[in-house]
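Enquirer: Structure file run.cif (mmCIF, C-alpha atoms and all ligand atoms) right here:
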```cif
data_data
#
loop_
_atom_site.label_atom_id
_atom_site.label_comp_id
_atom_site.auth_asym_id
_atom_site.auth_seq_id
_atom_site.Cartn_x
_atom_site.Cartn_y
_atom_site.Cartn_z
CA MET A 253 5.07 4.23 -29.32
CA THR A 254 3.15 6.70 -27.11
CA GLN A 255 4.65 7.09 -23.64
CA VAL A 256 2.34 5.11 -21.36
CA TYR A 257 1.58 6.09 -17.78
CA ASN A 258 -0.17 3.36 -15.84
CA PHE A 259 -2.53 4.56 -13.10
CA SER A 260 -3.52 1.06 -11.98
CA SER A 261 -4.30 0.62 -8.28
CA GLY A 262 -2.41 -2.66 -8.12
CA PRO A 263 -0.69 -4.57 -9.49
CA ALA A 264 0.71 -1.17 -10.29
CA MET A 265 3.38 0.63 -12.23
CA LEU A 266 6.99 -0.26 -11.36
CA PRO A 267 9.97 2.05 -11.92
CA ALA A 268 11.09 1.76 -15.56
CA GLU A 269 14.72 1.62 -14.41
CA VAL A 270 13.97 -1.42 -12.24
CA LEU A 271 12.19 -3.24 -15.06
CA LYS A 272 15.10 -2.58 -17.42
CA LEU A 273 17.61 -3.94 -14.94
CA ALA A 274 15.46 -7.03 -14.31
CA GLN A 275 15.22 -7.52 -18.07
CA GLN A 276 18.99 -7.23 -18.50
CA GLU A 277 19.72 -9.83 -15.88
CA LEU A 278 16.69 -12.05 -16.47
CA CYS A 279 18.33 -14.92 -18.34
CA ASP A 280 21.76 -14.65 -16.81
CA TRP A 281 21.66 -13.36 -13.27
CA HIS A 282 25.08 -12.13 -12.06
CA GLY A 283 26.89 -14.39 -14.54
CA LEU A 284 25.34 -17.54 -13.09
CA GLY A 285 23.92 -18.62 -16.46
CA THR A 286 20.39 -18.97 -15.04
CA SER A 287 17.74 -16.54 -13.89
CA VAL A 288 17.27 -15.64 -10.27
CA MET A 289 13.85 -17.37 -10.51
CA GLU A 290 15.49 -20.73 -11.05
CA ILE A 291 17.87 -20.93 -8.12
CA SER A 292 17.29 -22.40 -4.68
CA HIS A 293 16.02 -20.07 -2.01
CA ARG A 294 18.44 -21.80 0.32
CA GLY A 295 21.54 -21.27 -1.80
CA LYS A 296 24.06 -18.59 -0.85
CA GLU A 297 23.23 -16.51 -3.94
CA PHE A 298 19.57 -16.09 -3.11
CA ILE A 299 20.21 -15.71 0.62
CA GLN A 300 22.31 -12.69 -0.28
CA VAL A 301 19.50 -11.22 -2.39
CA ALA A 302 17.06 -11.84 0.46
CA GLU A 303 19.27 -10.34 3.16
CA GLU A 304 20.11 -7.28 1.11
CA ALA A 305 16.44 -6.62 0.39
CA GLU A 306 15.61 -6.85 4.07
CA LYS A 307 18.49 -4.55 4.99
CA ASP A 308 17.49 -1.93 2.42
CA PHE A 309 13.84 -2.09 3.52
CA ARG A 310 14.92 -1.63 7.14
CA ASP A 311 17.11 1.33 6.17
CA LEU A 312 14.32 2.95 4.17
CA LEU A 313 11.81 2.82 7.02
CA ASN A 314 14.33 3.15 9.80
CA ILE A 315 12.96 -0.03 11.38
CA PRO A 316 14.15 -0.46 14.99
CA SER A 317 16.14 -3.61 15.77
CA ASN A 318 13.41 -5.03 18.04
CA TYR A 319 11.17 -5.48 14.99
CA LYS A 320 11.19 -8.49 12.68
CA VAL A 321 10.60 -8.12 8.97
CA LEU A 322 8.81 -11.08 7.41
CA PHE A 323 8.50 -11.83 3.71
CA CYS A 324 5.19 -13.66 3.40
CA HIS A 325 2.68 -15.06 0.96
CA GLY A 326 -1.04 -14.36 1.00
CA GLY A 327 -1.40 -10.66 0.25
CA GLY A 328 -3.14 -8.06 2.35
CA ARG A 329 -6.12 -10.33 2.76
CA GLY A 330 -3.87 -13.07 4.11
CA GLN A 331 -2.89 -10.68 6.87
CA PHE A 332 -6.54 -9.91 7.64
CA ALA A 333 -6.36 -13.44 9.10
CA GLY A 334 -2.69 -13.27 10.08
CA ILE A 335 -3.16 -10.37 12.49
CA PRO A 336 -5.87 -11.99 14.68
CA LEU A 337 -4.33 -15.45 14.44
CA ASN A 338 -0.99 -14.13 15.66
CA LEU A 339 -1.93 -11.35 18.02
CA LEU A 340 -5.19 -12.22 19.79
CA GLY A 341 -3.43 -14.35 22.40
CA ASP A 342 -6.01 -15.23 25.03
CA LYS A 343 -8.20 -12.21 24.22
CA THR A 344 -11.48 -12.56 22.37
CA THR A 345 -11.83 -9.07 20.97
CA ALA A 346 -9.85 -6.43 19.13
CA ASP A 347 -10.65 -2.84 18.12
CA TYR A 348 -11.20 -2.36 14.39
CA VAL A 349 -11.50 1.15 13.00
CA ASP A 350 -13.70 1.25 9.92
CA ALA A 351 -12.96 4.11 7.56
CA GLY A 352 -13.42 2.40 4.22
CA TYR A 353 -13.65 -0.69 2.07
CA TRP A 354 -10.43 -2.41 3.13
CA ALA A 355 -10.80 -1.74 6.85
CA ALA A 356 -14.29 -3.22 6.61
CA SER A 357 -12.92 -6.25 4.75
CA ALA A 358 -10.42 -6.79 7.57
CA VAL A 359 -13.32 -6.78 10.06
CA LYS A 360 -15.16 -9.41 8.05
CA GLU A 361 -12.17 -11.75 8.17
CA ALA A 362 -11.42 -11.02 11.84
CA LYS A 363 -14.95 -12.16 12.74
CA LYS A 364 -13.82 -15.72 12.03
CA TYR A 365 -11.42 -15.51 14.96
CA CYS A 366 -12.85 -13.01 17.43
CA THR A 367 -15.64 -10.56 18.13
CA PRO A 368 -14.25 -7.30 16.80
CA ASN A 369 -15.23 -4.04 18.43
CA VAL A 370 -15.92 -1.98 15.32
CA ILE A 371 -15.26 1.75 15.64
CA ASP A 372 -17.13 3.43 12.83
CA ALA A 373 -14.89 6.39 12.00
CA LYS A 374 -16.63 7.45 8.79
CA VAL A 375 -18.14 10.93 8.98
CA THR A 376 -19.41 13.54 6.55
CA ILE A 377 -18.18 17.10 6.89
CA ASP A 378 -19.85 19.72 4.68
CA GLY A 379 -20.97 16.97 2.35
CA LEU A 380 -17.44 15.57 2.07
CA ARG A 381 -16.32 12.13 3.22
CA ALA A 382 -13.96 12.24 6.19
CA VAL A 383 -12.61 10.23 9.11
CA LYS A 384 -13.01 10.96 12.82
CA PRO A 385 -9.72 12.13 14.34
CA MET A 386 -7.84 9.51 16.34
CA ARG A 387 -8.61 11.20 19.66
CA GLU A 388 -12.29 10.35 19.09
CA TRP A 389 -11.66 6.64 18.55
CA GLN A 390 -13.20 4.84 21.55
CA LEU A 391 -10.92 1.90 22.28
CA SER A 392 -12.23 -0.94 24.42
CA ASP A 393 -10.47 -2.07 27.61
CA ASN A 394 -10.14 -5.72 26.72
CA ALA A 395 -8.96 -5.49 23.10
CA ALA A 396 -5.89 -7.48 22.07
CA TYR A 397 -4.96 -4.77 19.57
CA LEU A 398 -6.26 -1.92 17.44
CA HIS A 399 -6.40 -2.31 13.66
CA TYR A 400 -6.80 0.42 11.05
CA CYS A 401 -6.04 1.12 7.42
CA PRO A 402 -4.18 4.42 6.90
CA ASN A 403 -4.81 4.53 3.15
CA GLU A 404 -8.08 3.31 1.70
CA THR A 405 -7.14 2.42 -1.87
CA ILE A 406 -10.72 2.35 -3.17
CA ASP A 407 -12.29 5.23 -1.25
CA GLY A 408 -9.31 7.54 -1.74
CA ILE A 409 -9.35 8.26 1.98
CA ALA A 410 -6.25 8.55 4.14
CA ILE A 411 -5.61 8.84 7.85
CA HIS A 412 -2.49 10.99 8.04
CA GLU A 413 -2.23 11.14 11.83
CA THR A 414 0.40 9.12 13.67
CA PRO A 415 -1.14 6.84 16.31
CA ASP A 416 -0.45 7.58 19.94
CA PHE A 417 -2.47 5.19 22.07
CA GLY A 418 -0.16 4.51 24.98
CA ASP A 419 0.29 0.78 25.57
CA ALA A 420 -2.38 -0.33 23.10
CA ILE A 421 -0.93 -2.50 20.34
CA VAL A 422 -1.58 -0.74 17.05
CA THR A 423 -1.66 -2.74 13.83
CA ALA A 424 -2.08 -1.24 10.39
CA ASP A 425 -2.68 -2.20 6.80
CA PHE A 426 -0.20 -0.08 4.85
CA SER A 427 -0.76 -1.99 1.59
CA SER A 428 -1.24 1.13 -0.52
CA SER A 429 0.96 3.66 1.22
CA ILE A 430 4.04 1.89 2.59
CA LEU A 431 7.30 3.60 1.57
CA SER A 432 5.43 6.65 0.27
CA HIS A 433 6.26 8.74 3.34
CA PRO A 434 8.40 8.44 6.48
CA LEU A 435 6.84 6.27 9.14
CA ASP A 436 7.47 5.96 12.87
CA VAL A 437 7.47 2.16 13.09
CA SER A 438 7.90 2.28 16.88
CA ARG A 439 4.27 3.46 17.21
CA TYR A 440 3.06 0.11 15.88
CA GLY A 441 2.92 -3.48 17.06
CA ALA A 442 2.58 -4.77 13.52
CA ILE A 443 2.43 -3.30 10.04
CA TYR A 444 1.71 -5.19 6.85
CA ALA A 445 1.55 -4.45 3.15
CA GLY A 446 0.93 -6.41 -0.01
CA ALA A 447 3.78 -5.73 -2.43
CA GLN A 448 1.90 -4.95 -5.60
CA LYS A 449 1.65 -1.18 -5.21
CA ASN A 450 4.75 0.42 -3.73
CA ILE A 451 7.04 -2.57 -3.24
CA GLY A 452 7.14 -4.84 -6.29
CA PRO A 453 5.12 -7.50 -8.05
CA ALA A 454 2.12 -9.29 -6.53
CA GLY A 455 2.76 -12.47 -4.56
CA LEU A 456 4.82 -11.00 -1.75
CA THR A 457 3.55 -9.44 1.47
CA LEU A 458 5.72 -7.69 4.01
CA VAL A 459 5.04 -7.80 7.73
CA ILE A 460 6.90 -5.75 10.32
CA VAL A 461 6.23 -7.04 13.82
CA ARG A 462 7.59 -6.10 17.24
CA ASP A 463 9.49 -9.09 18.58
CA ASP A 464 7.80 -9.18 22.01
CA LEU A 465 4.52 -9.97 20.20
CA LEU A 466 5.84 -13.24 18.82
CA GLY A 467 5.04 -16.58 20.42
CA LYS A 468 1.33 -16.21 20.93
CA ALA A 469 -0.19 -17.51 17.70
CA GLN A 470 -3.40 -19.53 17.97
CA THR A 471 -2.87 -23.29 17.80
CA ALA A 472 -4.90 -23.35 14.59
CA CYS A 473 -2.78 -20.68 12.91
CA PRO A 474 -1.36 -22.13 9.69
CA SER A 475 2.43 -22.32 9.99
CA ILE A 476 2.93 -20.31 6.79
CA ILE A 477 1.36 -17.23 8.39
CA ASP A 478 2.64 -17.84 11.91
CA TYR A 479 4.97 -14.88 12.57
CA THR A 480 7.07 -16.88 15.02
CA VAL A 481 7.59 -19.76 12.59
CA LEU A 482 8.38 -17.33 9.77
CA SER A 483 10.77 -15.38 11.94
CA GLU A 484 12.59 -18.48 13.20
CA ASN A 485 13.03 -19.60 9.59
CA ASP A 486 14.06 -16.24 8.11
CA SER A 487 10.81 -16.23 6.09
CA MET A 488 11.85 -19.49 4.46
CA PHE A 489 9.70 -21.99 6.31
CA ASN A 490 8.36 -22.86 2.90
CA THR A 491 9.48 -21.67 -0.52
CA PRO A 492 9.09 -17.89 -0.58
CA PRO A 493 8.08 -15.95 -3.71
CA THR A 494 11.70 -15.57 -4.73
CA PHE A 495 11.28 -13.51 -7.90
CA ALA A 496 8.99 -11.00 -6.16
CA TRP A 497 11.48 -10.79 -3.28
CA TYR A 498 14.35 -10.13 -5.71
CA LEU A 499 12.36 -7.49 -7.58
CA ALA A 500 11.30 -5.81 -4.34
CA GLY A 501 15.03 -5.63 -3.53
CA LEU A 502 15.66 -3.78 -6.80
CA VAL A 503 12.81 -1.36 -5.99
CA PHE A 504 14.35 -0.70 -2.53
CA LYS A 505 17.71 0.12 -4.14
CA TRP A 506 15.95 2.41 -6.62
CA LEU A 507 14.16 4.14 -3.74
CA LYS A 508 17.43 4.70 -1.91
CA LYS A 509 18.86 6.24 -5.08
CA GLN A 510 15.90 8.64 -5.28
CA GLY A 511 16.72 9.87 -1.78
CA GLY A 512 14.61 7.45 0.25
CA VAL A 513 11.12 7.87 1.62
CA ALA A 514 11.60 11.51 2.65
CA ALA A 515 12.31 12.41 -0.98
CA MET A 516 9.39 10.28 -2.18
CA ASP A 517 7.13 12.01 0.34
CA LYS A 518 7.95 15.40 -1.20
CA ILE A 519 7.34 14.26 -4.76
CA ASN A 520 4.18 12.42 -3.74
CA GLN A 521 2.82 15.59 -2.15
CA GLN A 522 3.61 17.58 -5.28
CA LYS A 523 1.93 14.99 -7.49
CA ALA A 524 -1.20 14.83 -5.33
CA GLU A 525 -1.45 18.64 -5.00
CA LEU A 526 -1.22 19.05 -8.75
CA LEU A 527 -4.04 16.59 -9.43
CA TYR A 528 -6.31 17.83 -6.62
CA SER A 529 -5.81 21.45 -7.69
CA ILE A 530 -6.99 20.68 -11.23
CA ILE A 531 -10.02 18.85 -9.81
CA ASP A 532 -10.83 21.59 -7.29
CA HIS A 533 -10.54 24.44 -9.77
CA SER A 534 -13.09 22.98 -12.10
CA ASP A 535 -16.82 22.35 -12.06
CA PHE A 536 -16.27 19.59 -14.58
CA TYR A 537 -14.39 17.29 -12.14
CA ARG A 538 -15.14 16.52 -8.50
CA ASN A 539 -13.55 14.71 -5.56
CA ASP A 540 -15.73 14.34 -2.49
CA VAL A 541 -13.14 13.61 0.21
CA ALA A 542 -12.47 16.24 2.90
CA PRO A 543 -9.02 17.84 2.33
CA ALA A 544 -7.61 16.51 5.64
CA ASN A 545 -8.39 12.92 4.64
CA ARG A 546 -7.40 12.96 1.01
CA SER A 547 -5.17 10.15 -0.12
CA ARG A 548 -1.90 11.03 -1.83
CA MET A 549 -1.74 7.62 -3.47
CA ASN A 550 -5.24 6.95 -4.81
CA ILE A 551 -7.25 9.86 -6.11
CA PRO A 552 -10.82 9.12 -7.16
CA PHE A 553 -12.63 11.77 -9.18
CA GLN A 554 -15.99 12.03 -10.89
CA LEU A 555 -17.06 13.84 -14.01
CA ALA A 556 -20.02 16.17 -13.42
CA ASP A 557 -21.67 14.43 -16.36
CA SER A 558 -21.15 10.69 -15.90
CA ALA A 559 -22.42 10.13 -19.44
CA LEU A 560 -18.93 11.25 -20.51
CA ASP A 561 -17.12 8.62 -18.41
CA LYS A 562 -16.78 6.13 -21.26
CA LEU A 563 -15.42 8.72 -23.65
CA PHE A 564 -13.00 10.01 -21.00
CA LEU A 565 -11.65 6.50 -20.49
CA GLU A 566 -11.35 5.79 -24.22
CA GLU A 567 -9.60 9.04 -24.99
CA SER A 568 -7.29 8.94 -21.98
CA PHE A 569 -6.27 5.39 -22.86
CA ALA A 570 -5.53 6.45 -26.44
CA ALA A 571 -3.37 9.25 -25.00
CA GLY A 572 -1.31 6.68 -23.08
CA LEU A 573 -3.00 7.25 -19.71
CA HIS A 574 -4.02 3.77 -18.66
CA ALA A 575 -6.20 2.18 -15.97
CA LEU A 576 -8.12 5.29 -14.87
CA LYS A 577 -11.45 3.53 -14.42
CA GLY A 578 -12.69 3.90 -10.84
CA HIS A 579 -13.39 0.89 -8.66
CA ARG A 580 -16.89 -0.49 -9.20
CA VAL A 581 -18.04 0.47 -5.69
CA VAL A 582 -17.13 4.15 -6.18
CA GLY A 583 -17.53 4.59 -9.95
CA GLY A 584 -16.05 7.45 -11.97
CA MET A 585 -12.26 7.59 -12.29
CA ARG A 586 -9.35 6.85 -10.02
CA ALA A 587 -5.71 7.75 -10.51
CA SER A 588 -3.30 5.70 -8.43
CA ILE A 589 -0.04 7.58 -8.22
CA TYR A 590 2.36 5.43 -6.22
CA ASN A 591 6.10 6.05 -5.92
CA ALA A 592 6.86 4.75 -9.42
CA MET A 593 4.58 7.33 -11.07
CA PRO A 594 6.75 10.29 -12.05
CA LEU A 595 5.54 13.89 -11.76
CA GLU A 596 5.49 13.99 -15.59
CA GLY A 597 2.87 11.24 -15.55
CA VAL A 598 0.56 13.30 -13.35
CA LYS A 599 1.31 16.35 -15.49
CA ALA A 600 0.31 14.36 -18.59
CA LEU A 601 -2.93 13.37 -16.85
CA THR A 602 -3.81 16.91 -15.73
CA ASP A 603 -3.00 18.28 -19.23
CA PHE A 604 -5.32 15.68 -20.69
CA MET A 605 -8.04 16.47 -18.14
CA GLN A 606 -7.93 20.18 -18.92
CA ASP A 607 -7.95 19.52 -22.63
CA PHE A 608 -10.88 17.11 -22.29
CA GLU A 609 -12.80 19.69 -20.26
CA ARG A 610 -12.17 22.38 -22.90
CA ARG A 611 -13.43 20.12 -25.67
CA ARG A 612 -16.35 18.49 -23.83
CA GLY A 613 -17.24 20.86 -21.02
N1 LIG A 701 -5.61 -3.73 1.87
C1 LIG A 701 -5.53 -2.69 1.03
C2 LIG A 701 -5.38 -1.31 1.59
C3 LIG A 701 -5.57 -2.91 -0.35
O1 LIG A 701 -5.49 -1.88 -1.20
C4 LIG A 701 -5.69 -4.22 -0.85
C5 LIG A 701 -5.71 -4.55 -2.31
N2 LIG A 701 -5.96 -3.58 -3.18
C6 LIG A 701 -5.80 -5.27 0.08
C7 LIG A 701 -5.72 -4.99 1.43
C8 LIG A 701 -5.94 -6.68 -0.37
O2 LIG A 701 -4.72 -7.08 -0.84
P1 LIG A 701 -4.47 -8.48 -1.56
O3 LIG A 701 -5.20 -8.44 -2.86
O4 LIG A 701 -2.98 -8.50 -1.67
O5 LIG A 701 -4.98 -9.54 -0.64
#
```
Can the structure in the file be given as structure tokens, please?
Ligand code: PMP
Expert:
Amino acid sequence: MTQVYNFSSGPAMLPAEVLKLAQQELCDWHGLGTSVMEISHRGKEFIQVAEEAEKDFRDLLNIPSNYKVLFCHGGGRGQFAGIPLNLLGDKTTADYVDAGYWAASAVKEAKKYCTPNVIDAKVTIDGLRAVKPMREWQLSDNAAYLHYCPNETIDGIAIHETPDFGDAIVTADFSSSILSHPLDVSRYGAIYAGAQKNIGPAGLTLVIVRDDLLGKAQTACPSIIDYTVLSENDSMFNTPPTFAWYLAGLVFKWLKKQGGVAAMDKINQQKAELLYSIIDHSDFYRNDVAPANRSRMNIPFQLADSALDKLFLEESFAAGLHALKGHRVVGGMRASIYNAMPLEGVKALTDFMQDFERRRG
């Protein structure tokens, strides 16, 4: 069988080593005679899985002890509601930076609960899409918090700066970049991420929240996304997505073995530089994001002649390079190269791209 590299934006590729281990222990987990999917979340066996996963996640991101880690349902979109419902308190507005599709989607949901102050940070520099630097973000005086999305999965735009807004409570949607680089958690009030890109399978969402922000959920906040309820119940107020939690735990152990997020950061930079350099050194391919705001996780690119898109996708798929079709709002191609994508996968893609250009250019 051809070696397959999966460039899907999410659910995305998982480390082969992790899948093999999960396969080995699927039917008989740790000699118990059943799978980990079939045991109670309240039994000592699963509690150990859960606690270990949390500990490893904390180690990986160096999460300070005054932050809670919550294992939730509901995905990134669930947290578009979770953030205002938990953090508005008695305020009626919050600052929302709009730099792409997902930030804008968060605004849409927030409008159900407050009147967001939308900071349009999208700019064009020399014809390239970019984001205003943080120092130009005009925060309002009465906002409960600031929300932004550091990695726009669809637009291929990233905000690489670390926030420094004094006492303002910063919240961020790290769905497509968590664990891909070191992160100063202490700069944030709350961070969230759907699991299906850099953490594990879909169905699990991680929230990191500073403990002094608990206790102010709206009365109407559903208990299953109330951070205080989740925290008081060790994320087991209701039945958590146990298999996803277990698998995330295996991914965390794999990450530690690779050298943690600092090591991933290095490889991720190498992978992204390789792909961008092939795009930039050709008239056949194009990426229209300003270098300072280029994502290292999601790299959209266009063919100069879009009539060749279909052929590119057919031939790349046949070569084992899957899921390269761009999102419908951007078009063209997109390569998502999360932690589980090895450098060889990106090398296989760039070799294919150069070969395709030679044959069709
Ligand atoms: N935020 C970002 C940055 C995303 O990439 C996605 C999904 N691709 C979402 C939010 C929505 O996540 P979910 O489908 O888990 O609700």
Enquirer: For a quick check of understanding, using all atoms listed in the file, which of A:Thr602, A:Gln448, A:Gln554, A:Gln522 has the smallest distance to Gly326 of chain A?
Expert: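 Result for the nearest residue to Gly326 of chain A: A:Gln448.
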Enquirer: Please report, as a Markdown table, each residue of segment 285-362 of chain A lying at most 12 Å from segment 476-499 of chain A, together with the nearest pair of atoms and the separation in Å rounded to one decimal; use all atoms listed in the file, and order rows by chain and ascending residue number.
Expert:
```
| residue | atom | partner | partner_atom | distance |
| --- | --- | --- | --- | --- |
| A:Ser287 | CA | A:Phe495 | CA | 9.3 |
| A:Val288 | CA | A:Phe495 | CA | 6.8 |
| A:Met289 | CA | A:Phe495 | CA | 5.3 |
| A:Glu290 | CA | A:Phe495 | CA | 8.9 |
| A:Ile291 | CA | A:Thr494 | CA | 8.8 |
| A:Ser292 | CA | A:Thr494 | CA | 8.8 |
| A:His293 | CA | A:Thr494 | CA | 6.8 |
| A:Arg294 | CA | A:Met488 | CA | 8.1 |
| A:Gly295 | CA | A:Met488 | CA | 11.7 |
| A:Glu297 | CA | A:Tyr498 | CA | 11.1 |
| A:Phe298 | CA | A:Thr494 | CA | 8.1 |
| A:Ile299 | CA | A:Asp486 | CA | 9.7 |
| A:Gln300 | CA | A:Tyr498 | CA | 10.0 |
| A:Val301 | CA | A:Tyr498 | CA | 6.2 |
| A:Ala302 | CA | A:Trp497 | CA | 6.8 |
| A:Glu303 | CA | A:Asp486 | CA | 9.3 |
| A:Glu304 | CA | A:Tyr498 | CA | 9.4 |
| A:Ala305 | CA | A:Tyr498 | CA | 7.3 |
| A:Glu306 | CA | A:Trp497 | CA | 9.3 |
| A:Asp308 | CA | A:Tyr498 | CA | 12.0 |
| A:Phe309 | CA | A:Trp497 | CA | 11.3 |
| A:Tyr319 | CA | A:Ser483 | CA | 10.4 |
| A:Lys320 | CA | A:Ser483 | CA | 6.9 |
| A:Val321 | CA | A:Ser483 | CA | 7.8 |
| A:Leu322 | CA | A:Ser487 | CA | 5.7 |
| A:Phe323 | CA | A:Ser487 | CA | 5.5 |
| A:Cys324 | CA | A:Ser487 | CA | 6.7 |
| A:His325 | CA | A:Pro492 | CA | 7.2 |
| A:Gly326 | CA | A:Ile477 | CA | 8.3 |
| A:Gly327 | CA | A:Ile477 | CA | 10.8 |
| A:Gly328 | CA | A:Ile477 | CA | 11.9 |
| A:Arg329 | CA | A:Ile477 | CA | 11.6 |
| A:Gly330 | CA | A:Ile477 | CA | 7.9 |
| A:Gln331 | CA | A:Ile477 | CA | 8.0 |
| A:Phe332 | CA | A:Ile477 | CA | 10.8 |
| A:Ala333 | CA | A:Ile477 | CA | 8.6 |
| A:Gly334 | CA | A:Ile477 | CA | 5.9 |
| A:Ile335 | CA | A:Ile477 | CA | 9.2 |
| A:Pro336 | CA | A:Asp478 | CA | 10.7 |
| A:Leu337 | CA | A:Asp478 | CA | 7.8 |
| A:Asn338 | CA | A:Asp478 | CA | 6.4 |
| A:Leu339 | CA | A:Tyr479 | CA | 9.5 |
```
Enquirer: Using all atoms listed in the file, which protein or nucleic acid residues come within 7 Å of Tyr400 of chain A? Drop anything in the same chain fewer than 5 positions from it, and give the result as number ranges by chain.
Expert: A: 348-349, 355, 423-425
Enquirer: Return the single residue from A:Thr414, A:Thr367, A:Thr376, A:Thr286 that is closest to Asn394 of chain A, with distances computed using only C-alpha atoms.
Expert: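 Of all the options, A:Thr367 lies closest to Asn394 of chain A.
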Enquirer: Up to 12 Å from (3.5, -0.6, -3.9) in the file's coordinates: name the residues, counting all atoms listed in the file, as an mmCIF file with C-alpha atoms, in the coordinates of the input.
Expert:
```
data_model
loop_
_atom_site.group_PDB
_atom_site.id
_atom_site.type_symbol
_atom_site.label_atom_id
_atom_site.label_comp_id
_atom_site.auth_asym_id
_atom_site.auth_seq_id
_atom_site.Cartn_x
_atom_site.Cartn_y
_atom_site.Cartn_z
ATOM 1 C CA SER A 260 -3.520 1.060 -11.980
ATOM 2 C CA SER A 261 -4.300 0.620 -8.280
ATOM 3 C CA GLY A 262 -2.410 -2.660 -8.120
ATOM 4 C CA PRO A 263 -0.690 -4.570 -9.490
ATOM 5 C CA ALA A 264 0.710 -1.170 -10.290
ATOM 6 C CA MET A 265 3.380 0.630 -12.230
ATOM 7 C CA LEU A 266 6.990 -0.260 -11.360
ATOM 8 C CA PRO A 267 9.970 2.050 -11.920
ATOM 9 C CA GLY A 327 -1.400 -10.660 0.250
ATOM 10 C CA GLY A 328 -3.140 -8.060 2.350
ATOM 11 C CA THR A 405 -7.140 2.420 -1.870
ATOM 12 C CA PHE A 426 -0.200 -0.080 4.850
ATOM 13 C CA SER A 427 -0.760 -1.990 1.590
ATOM 14 C CA SER A 428 -1.240 1.130 -0.520
ATOM 15 C CA SER A 429 0.960 3.660 1.220
ATOM 16 C CA ILE A 430 4.040 1.890 2.590
ATOM 17 C CA LEU A 431 7.300 3.600 1.570
ATOM 18 C CA SER A 432 5.430 6.650 0.270
ATOM 19 C CA TYR A 444 1.710 -5.190 6.850
ATOM 20 C CA ALA A 445 1.550 -4.450 3.150
ATOM 21 C CA GLY A 446 0.930 -6.410 -0.010
ATOM 22 C CA ALA A 447 3.780 -5.730 -2.430
ATOM 23 C CA GLN A 448 1.900 -4.950 -5.600
ATOM 24 C CA LYS A 449 1.650 -1.180 -5.210
ATOM 25 C CA ASN A 450 4.750 0.420 -3.730
ATOM 26 C CA ILE A 451 7.040 -2.570 -3.240
ATOM 27 C CA GLY A 452 7.140 -4.840 -6.290
ATOM 28 C CA PRO A 453 5.120 -7.500 -8.050
ATOM 29 C CA ALA A 454 2.120 -9.290 -6.530
ATOM 30 C CA GLY A 455 2.760 -12.470 -4.560
ATOM 31 C CA LEU A 456 4.820 -11.000 -1.750
ATOM 32 C CA THR A 457 3.550 -9.440 1.470
ATOM 33 C CA LEU A 458 5.720 -7.690 4.010
ATOM 34 C CA ALA A 496 8.990 -11.000 -6.160
ATOM 35 C CA LEU A 499 12.360 -7.490 -7.580
ATOM 36 C CA ALA A 500 11.300 -5.810 -4.340
ATOM 37 C CA VAL A 503 12.810 -1.360 -5.990
ATOM 38 C CA PHE A 504 14.350 -0.700 -2.530
ATOM 39 C CA LEU A 507 14.160 4.140 -3.740
ATOM 40 C CA MET A 549 -1.740 7.620 -3.470
ATOM 41 C CA ASN A 550 -5.240 6.950 -4.810
ATOM 42 C CA SER A 588 -3.300 5.700 -8.430
ATOM 43 C CA ILE A 589 -0.040 7.580 -8.220
ATOM 44 C CA TYR A 590 2.360 5.430 -6.220
ATOM 45 C CA ASN A 591 6.100 6.050 -5.920
ATOM 46 C CA ALA A 592 6.860 4.750 -9.420
ATOM 47 C CA MET A 593 4.580 7.330 -11.070
#
```
Enquirer: Closest to Glu388 of chain A among A:Ile406, A:Ala542, A:Ala356, A:Ala373, using only C-alpha atoms?
Expert: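 Of the candidates, the smallest distance to Glu388 of chain A is held by A:Ala373.
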Enquirer: Let me make sure I understand: among A:Trp281, A:Tyr528, A:Trp389, A:Tyr353, which one has the smallest atom-to-atom distance to ligand LIG 701 (chain A) if we use all atoms listed in the file?
Expert: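 When distances to ligand LIG 701 (chain A) are compared using all atoms listed in the file, the smallest one comes from A:Tyr353.
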Enquirer: Restricting the calculation to all atoms listed in the file, which member of A:Ala358, A:Val598, A:Ala382, A:Met585 is positioned closest to ligand LIG 701 (chain A)?
Expert: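 Using all atoms listed in the file, ligand LIG 701 (chain A) sits closest to A:Ala358.
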Enquirer: Out of A:Ile411, A:Leu555, A:Ala274, A:Leu563, which residue has the shortest atom-to-atom distance to ligand LIG 701 (chain A) when counting only C-alpha atoms and all ligand atoms?
Expert: A:Ile411
Enquirer: I'd like the neighbourhood of segment 604-611 of chain A as a ChimeraX atom specification, where a residue qualifies if any of its atoms comes within 12 Å (using all atoms listed in the file), though same-chain residues fewer than 2 positions away should be ignored.
Expert: /A:526-531,533-538,553-557,560-561,563-573,576,585,587,597-602,613
Enquirer: Just give me the gap between atom CA of Gly341 of chain A and atom CA of Gly441 of chain A in Å, one decimal is fine.
Expert: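 Separation between atom CA of Gly341 of chain A and atom CA of Gly441 of chain A: 13.7 Å.
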